[in-house]
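J.: Below you'll find the structure I mean.
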Amino acid sequence: MPEPAEPAAAVEQFDCPTCEVPAGSTCRTRGGKVALKYHPPRFMLVPQLRAELEVKTPAGRGPGRA
């Protein structure tokens, strides 16, 4: 299977079942900051990424910031 050019863009097509952010947003920590990695239940929705152990949030999305 070909890997998507932008894994983060593919992940963000779906709402997150863990932190409940809407599609188009990055995952959030309990404190409301941008998570360093997307939550696994979210990227499992992308067939090409199901085998990944983690999908990191791109630096441009401000991981660790409110």
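Identifiers in the structure tokens: chain A, B, ... in order shown; residue index from 1 per chain; ligand index from 1 in order shown.
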So that I can check the surroundings of Cys16 of chain A, please list as a PyMOL selection string every protein, DNA and RNA residue that reaches within 8 Å of it, counting only C-alpha atoms and ignoring chain neighbours fewer than 5 positions away.
T.: chain A and resi 21-23+27+39+41-42
J.: Output all heavy atoms for every residue in the selection just made, as a short mmCIF file (atom, residue, chain, number, x, y, z; two decimals), in the first residue's frame.
T.:
data_model
loop_
_atom_site.label_atom_id
_atom_site.label_comp_id
_atom_site.auth_asym_id
_atom_site.auth_seq_id
_atom_site.Cartn_x
_atom_site.Cartn_y
_atom_site.Cartn_z
N VAL A 21 -11.70 16.10 19.41
CA VAL A 21 -11.54 17.28 18.55
C VAL A 21 -12.17 16.98 17.19
O VAL A 21 -12.21 15.83 16.75
CB VAL A 21 -10.06 17.70 18.37
CG1 VAL A 21 -9.47 18.15 19.67
CG2 VAL A 21 -9.24 16.63 17.71
N PRO A 22 -12.68 18.00 16.51
CA PRO A 22 -13.31 17.78 15.22
C PRO A 22 -12.28 17.56 14.11
O PRO A 22 -11.09 17.87 14.28
CB PRO A 22 -14.09 19.07 14.99
CG PRO A 22 -13.35 20.10 15.75
CD PRO A 22 -12.79 19.39 16.95
N ALA A 23 -12.73 17.04 13.00
CA ALA A 23 -11.87 16.88 11.83
C ALA A 23 -11.23 18.23 11.49
O ALA A 23 -11.85 19.27 11.65
CB ALA A 23 -12.68 16.36 10.66
N CYS A 27 -4.92 16.58 17.71
CA CYS A 27 -5.31 15.99 18.99
C CYS A 27 -4.84 16.90 20.12
O CYS A 27 -3.86 17.62 19.99
CB CYS A 27 -4.72 14.59 19.15
SG CYS A 27 -5.50 13.37 18.08
N HIS A 39 -3.67 10.56 18.61
CA HIS A 39 -4.14 9.42 19.37
C HIS A 39 -4.34 8.21 18.44
O HIS A 39 -4.93 8.36 17.36
CB HIS A 39 -5.44 9.75 20.10
CG HIS A 39 -5.26 10.82 21.13
ND1 HIS A 39 -5.90 12.02 21.08
CD2 HIS A 39 -4.48 10.84 22.24
CE1 HIS A 39 -5.53 12.74 22.13
NE2 HIS A 39 -4.67 12.06 22.84
N PRO A 41 -6.44 5.66 18.25
CA PRO A 41 -7.75 5.36 17.66
C PRO A 41 -8.08 6.24 16.46
O PRO A 41 -8.81 5.84 15.57
CB PRO A 41 -8.73 5.61 18.80
CG PRO A 41 -7.93 5.46 20.03
CD PRO A 41 -6.54 5.96 19.67
N ARG A 42 -7.49 7.43 16.42
CA ARG A 42 -7.75 8.33 15.30
C ARG A 42 -6.99 7.91 14.05
O ARG A 42 -7.56 7.84 12.97
CB ARG A 42 -7.36 9.75 15.70
CG ARG A 42 -7.82 10.79 14.69
CD ARG A 42 -7.50 12.17 15.18
NE ARG A 42 -8.16 13.18 14.39
CZ ARG A 42 -7.95 14.48 14.54
NH1 ARG A 42 -7.13 14.91 15.48
NH2 ARG A 42 -8.58 15.35 13.78
#
J.: Give me, as a PyMOL selection string, all polymer residues having an atom no more than 9 Å from Pro58 of chain A, counting only C-alpha atoms and skipping those fewer than 3 positions away in the same chain.
T.: chain A and resi 8+36-37+61-63
J.: Could you please take those selected residues and save C-alpha atoms as a PDB file, in the first residue's frame?
T.:
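So the final result, stored in part_32.pdb, reads:
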ATOM      1  CA  ALA A   8      -1.029  14.178   9.579  1.00  0.00           C
ATOM      2  CA  LEU A  36       2.889  15.681  20.438  1.00  0.00           C
ATOM      3  CA  LYS A  37       1.363  12.624  18.717  1.00  0.00           C
ATOM      4  CA  ARG A  61       0.825  22.710  14.240  1.00  0.00           C
ATOM      5  CA  GLY A  62       2.469  23.861  17.493  1.00  0.00           C
ATOM      6  CA  PRO A  63       2.749  20.693  19.594  1.00  0.00           C
TER       7      PRO A  63
END
J.: Pull the alpha helix (DSSP H) assignments for chain A out of DSSP run on the backbone, and list those residues as a tab-separated table (two decimals) with C-alpha atoms, in the first residue's frame.
T.:
chain	number	residue	atom	x	y	z
A	7	PRO	CA	0.15	11.32	7.36
A	8	ALA	CA	-1.03	14.18	9.58
A	9	ALA	CA	-3.37	15.47	6.87
A	10	ALA	CA	-4.83	11.98	6.43
A	11	VAL	CA	-5.34	11.62	10.19
A	40	PRO	CA	-3.95	5.83	17.98
A	41	PRO	CA	-7.75	5.36	17.66
A	42	ARG	CA	-7.75	8.33	15.30
A	43	PHE	CA	-4.97	7.27	12.93
J.: What is the distance between atom CA of Glu6 of chain A and atom CA of Val34 of chain A, in Å to one decimal?
T.: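 About the pair atom CA of Glu6 of chain A and atom CA of Val34 of chain A: they are 18.0 Å apart.
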J.: Expressed in Å to a single decimal, how great is the separation between atom CA of Arg65 of chain A and atom CA of Gly32 of chain A?
T.: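 Between these atoms lies a distance of 8.5 Å.
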J.: Which is closer to Leu53 of chain A than all the others in A:Glu12, A:Tyr38, A:Cys19, A:Thr26, using only C-alpha atoms?
T.: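 Going through A:Glu12, A:Tyr38, A:Cys19, A:Thr26 one by one, the smallest distance to Leu53 of chain A is for A:Tyr38.
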J.: Take atom CA of Leu49 of chain A and atom CA of Glu20 of chain A and report the distance between them in Å, one decimal.
T.: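 These atoms are spaced 19.6 Å apart.
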